[in-house]
Amino acid sequence: MNAPSPRAAQRVDDAALRAWPLPLPDHEGDKETRGRVVIVAGSREVPGAAILSARAALRAGAGKVLLATGESAALAVAIAVPELRVLGLRETSEGGFDPACAEQLAKFAGRADALLIGPGMQDEDATCALAQALRERCDRVPMVLDATAMAAALRQSNECEPVLITPHAGEMAHLSGDSKQSVLAEPHAAASDAAHRWNAVVALKGATTFIARPDGQAWVHDAGNAGLATAGSGDVLAGLIAGFVARGAALEHAAAWGVAVHARAGLRLAQRVGSLGYLAGELAAEVPAVLDELSGTTAPA
């Protein structure tokens, strides 16, 4: 089937977000009604990625987060973020997680409202095998793939429900086989083509971010700032998107809000701390106030 022609991208700005609000929990509901997220993330060398993504999902408003990470890091992660339930997974010799853990994980992921796989994970082959196995077992759970897990999107059947992937230009080049220069030259076309070929929602990250669906519909956000180009920033974005999906947003809806909230959080830090040098770990604390701003419930800081 030929790819649909890319449509003009809709701009994601404050007015657009207020016209496309996130689902809100029932005031009389409890944490169960705000959505459950299962995150598979981190590694022996990069345990912080799991912490960043999990905190972001909680700050996005998810009610409960279960984090599955390597046995070597599980205790430290659980102490660092006491709001989580943490599950330790067997690790491969290359630092990934044993794909056989999918059976264990599926018991939790199958009851989740969103599943995020990839932040900080190593051993691409093992990561993709685990992601594919979970996809087969939990095919109705909305899935966000980040970092090394994104390659699993290339291997899924077009009969499956779309997943969301979050590449920057270098990762898109790696996944598609195109050059980074060609991706940067035509990011809208690159995102739209990938979305169609892989039956995925694609959020191609950058100072200007393009979000594309398999049917050619697209969105663009161009209010990023240089301070966001820092280690761990993408882990925070992935966690935000998963948290919004758990609240009931569709993948493209959650991606648009995630990108905008992430950028606005960076702007708040740039104004208070400085345009460069703020940390990814500081972003999540800005999110609740940003959500109020973008929802029109408070005046901007």
# chains A, B, ... in the order shown; residues from 1 in each chain; ligands from 1

$ closest_atom_pairs --of "stretch 36-111 of chain A" --to "stretch 234-238 of chain A" --cutoff "10 Å" --atoms "only C-alpha atoms" --output "CSV"
residue,atom,partner,partner_atom,distance
A:Ile39,CA,A:Ala238,CA,9.9
A:Ala41,CA,A:Asp235,CA,9.3
A:Gly42,CA,A:Asp235,CA,9.9
A:Gly48,CA,A:Asp235,CA,9.2
A:Ala49,CA,A:Asp235,CA,5.9
A:Ala50,CA,A:Asp235,CA,7.7
A:Ile51,CA,A:Asp235,CA,8.8
A:Leu52,CA,A:Val236,CA,5.5
A:Ser53,CA,A:Val236,CA,4.8
A:Ala54,CA,A:Val236,CA,8.1
A:Arg55,CA,A:Val236,CA,7.9
A:Ala56,CA,A:Val236,CA,5.5
A:Ala57,CA,A:Val236,CA,8.1

$ residues_around --residues "A:Arg111" --least-positions-apart "2" --cutoff "9 Å" --atoms "only C-alpha atoms" --output "PyMOL selection string"
chain A and resi 36+106-109+113+138+141

$ write_last_selection --atoms "C-alpha atoms" --output "short mmCIF file (atom, residue, chain, number, x, y, z; two decimals), in the first residue's frame"
data_model
loop_
_atom_site.label_atom_id
_atom_site.label_comp_id
_atom_site.auth_asym_id
_atom_site.auth_seq_id
_atom_site.Cartn_x
_atom_site.Cartn_y
_atom_site.Cartn_z
CA ARG A 36 -1.93 2.50 35.86
CA ALA A 106 2.54 -9.68 31.37
CA LYS A 107 0.64 -10.40 34.59
CA PHE A 108 1.03 -6.72 35.48
CA ALA A 109 1.17 -5.12 32.03
CA ASP A 113 -3.57 1.50 31.01
CA CYS A 138 -0.77 -7.44 25.98
CA VAL A 141 -2.53 -2.09 26.11
#

$ closest_atom_pairs --of "stretch 126-222 of chain A" --to "stretch 240-248 of chain A" --cutoff "10 Å" --atoms "only C-alpha atoms" --output "CSV"
residue,atom,partner,partner_atom,distance
A:Val141,CA,A:Ala246,CA,9.7
A:Pro142,CA,A:Val245,CA,7.4
A:Met143,CA,A:Ala242,CA,8.1
A:Val144,CA,A:Ala242,CA,6.6
A:Leu145,CA,A:Ala242,CA,9.7
A:Leu164,CA,A:Ile241,CA,9.5
A:Thr166,CA,A:Ile241,CA,9.8

$ select_by_dssp --residues "stretch 58-94 of chain A" --states "helix (DSSP H, G or I)" --output "list of chain:residue names"
A:Leu58, A:Arg59, A:Glu71, A:Ser72, A:Ala73, A:Ala74, A:Leu75, A:Ala76, A:Val77, A:Ala78, A:Ile79, A:Ala80

$ residues_around --residues "stretch 206-223 of chain A" --least-positions-apart "2" --cutoff "6 Å" --atoms "only C-alpha atoms" --output "list of chain:residue names"
A:Pro4, A:Pro6, A:Arg7, A:Ala9, A:Gln10, A:Arg11, A:Val12, A:His188, A:Ala191, A:Ser192, A:Ala195, A:His196, A:Asn199, A:Val201, A:Val202, A:Ala203, A:Leu204

$ closest_residue --among "A:Ala73, A:Ala100, A:Ala189, A:Ala114" --to "A:Gly35" --atoms "only C-alpha atoms"
A:Ala114

$ closest_residue --among "A:Gly281, A:Pro21, A:Gly70, A:Gly296" --to "A:His253" --atoms "only C-alpha atoms"
A:Pro21

$ residues_around --residues "stretch 263-278 of chain A" --least-positions-apart "4" --cutoff "10 Å" --atoms "only C-alpha atoms" --output "mmCIF file with N, CA and C atoms, in the first residue's frame"
data_model
loop_
_atom_site.group_PDB
_atom_site.id
_atom_site.type_symbol
_atom_site.label_atom_id
_atom_site.label_comp_id
_atom_site.auth_asym_id
_atom_site.auth_seq_id
_atom_site.Cartn_x
_atom_site.Cartn_y
_atom_site.Cartn_z
ATOM 1 N N ALA A 207 14.281 20.470 18.458
ATOM 2 C CA ALA A 207 13.813 21.808 18.816
ATOM 3 C C ALA A 207 12.431 22.038 18.205
ATOM 4 N N HIS A 221 5.310 20.933 16.919
ATOM 5 C CA HIS A 221 5.549 21.797 18.083
ATOM 6 C C HIS A 221 6.934 22.394 17.917
ATOM 7 N N ASP A 222 7.035 23.715 17.989
ATOM 8 C CA ASP A 222 8.323 24.361 17.711
ATOM 9 C C ASP A 222 8.726 25.352 18.798
ATOM 10 N N ALA A 223 8.415 25.026 20.035
ATOM 11 C CA ALA A 223 8.756 25.922 21.146
ATOM 12 C C ALA A 223 9.735 25.275 22.105
ATOM 13 N N GLY A 224 10.645 24.457 21.582
ATOM 14 C CA GLY A 224 11.657 23.846 22.433
ATOM 15 C C GLY A 224 12.735 24.852 22.801
ATOM 16 N N ASN A 225 13.644 24.442 23.683
ATOM 17 C CA ASN A 225 14.760 25.318 24.037
ATOM 18 C C ASN A 225 16.012 24.482 24.231
ATOM 19 N N ALA A 226 17.160 25.121 24.095
ATOM 20 C CA ALA A 226 18.435 24.402 24.068
ATOM 21 C C ALA A 226 18.723 23.643 25.355
ATOM 22 N N GLY A 227 18.209 24.124 26.473
ATOM 23 C CA GLY A 227 18.475 23.471 27.749
ATOM 24 C C GLY A 227 17.920 22.067 27.849
ATOM 25 N N LEU A 228 16.924 21.751 27.004
ATOM 26 C CA LEU A 228 16.328 20.419 27.035
ATOM 27 C C LEU A 228 17.231 19.366 26.413
ATOM 28 N N ALA A 229 18.241 19.810 25.670
ATOM 29 C CA ALA A 229 19.178 18.861 25.043
ATOM 30 C C ALA A 229 20.212 18.438 26.082
ATOM 31 N N THR A 230 19.754 17.628 27.033
ATOM 32 C CA THR A 230 20.611 17.192 28.132
ATOM 33 C C THR A 230 20.294 15.744 28.479
ATOM 34 N N SER A 233 16.681 13.902 29.429
ATOM 35 C CA SER A 233 15.508 14.682 29.043
ATOM 36 C C SER A 233 14.486 13.833 28.295
ATOM 37 N N LEU A 237 10.404 12.876 28.974
ATOM 38 C CA LEU A 237 9.337 12.999 27.970
ATOM 39 C C LEU A 237 8.586 11.683 27.814
ATOM 40 N N TRP A 257 0.664 16.583 24.045
ATOM 41 C CA TRP A 257 0.715 17.184 25.379
ATOM 42 C C TRP A 257 2.069 16.940 26.035
ATOM 43 N N GLY A 258 2.619 15.762 25.857
ATOM 44 C CA GLY A 258 3.906 15.466 26.467
ATOM 45 C C GLY A 258 4.995 16.394 25.964
ATOM 46 N N VAL A 259 5.052 16.584 24.649
ATOM 47 C CA VAL A 259 6.068 17.453 24.058
ATOM 48 C C VAL A 259 5.891 18.895 24.536
ATOM 49 N N GLU A 282 15.156 17.825 37.159
ATOM 50 C CA GLU A 282 14.407 18.967 37.687
ATOM 51 C C GLU A 282 13.127 19.231 36.906
ATOM 52 N N LEU A 283 12.976 18.617 35.745
ATOM 53 C CA LEU A 283 11.829 18.912 34.884
ATOM 54 C C LEU A 283 10.506 18.462 35.484
ATOM 55 N N ALA A 284 10.478 17.254 36.039
ATOM 56 C CA ALA A 284 9.198 16.674 36.469
ATOM 57 C C ALA A 284 8.503 17.511 37.529
ATOM 58 N N ALA A 285 9.272 18.149 38.407
ATOM 59 C CA ALA A 285 8.659 18.948 39.474
ATOM 60 C C ALA A 285 7.904 20.158 38.930
ATOM 61 N N GLU A 286 8.242 20.577 37.704
ATOM 62 C CA GLU A 286 7.556 21.717 37.091
ATOM 63 C C GLU A 286 6.224 21.328 36.462
ATOM 64 N N VAL A 287 6.013 20.037 36.252
ATOM 65 C CA VAL A 287 4.894 19.582 35.433
ATOM 66 C C VAL A 287 3.521 19.933 36.001
ATOM 67 N N PRO A 288 3.221 19.721 37.285
ATOM 68 C CA PRO A 288 1.876 20.058 37.752
ATOM 69 C C PRO A 288 1.478 21.511 37.499
ATOM 70 N N ALA A 289 2.412 22.448 37.730
ATOM 71 C CA ALA A 289 2.102 23.856 37.482
ATOM 72 C C ALA A 289 1.920 24.117 35.989
ATOM 73 N N VAL A 290 2.739 23.478 35.156
ATOM 74 C CA VAL A 290 2.592 23.638 33.711
ATOM 75 C C VAL A 290 1.233 23.122 33.249
ATOM 76 N N LEU A 291 0.813 21.995 33.786
ATOM 77 C CA LEU A 291 -0.501 21.456 33.409
ATOM 78 C C LEU A 291 -1.612 22.426 33.772
ATOM 79 N N GLU A 293 -1.277 25.700 33.966
ATOM 80 C CA GLU A 293 -1.154 26.816 33.021
ATOM 81 C C GLU A 293 -1.809 26.481 31.688
ATOM 82 N N LEU A 294 -1.453 25.325 31.134
ATOM 83 C CA LEU A 294 -1.943 24.960 29.806
ATOM 84 C C LEU A 294 -3.428 24.624 29.816
ATOM 85 N N PRO A 300 0.262 32.044 34.068
ATOM 86 C CA PRO A 300 1.655 31.608 33.931
ATOM 87 C C PRO A 300 2.546 32.242 34.982
ATOM 88 N N ALA A 301 3.604 31.489 35.393
ATOM 89 C CA ALA A 301 4.541 32.015 36.385
ATOM 90 C C ALA A 301 5.359 33.128 35.756
#

$ atom_distance --atom1 "atom CA of A:Ser295" --atom2 "atom CA of A:Asp13"
11.9 Å

$ atom_distance --atom1 "atom CA of A:Leu89" --atom2 "atom CA of A:Thr69"
5.8 Å
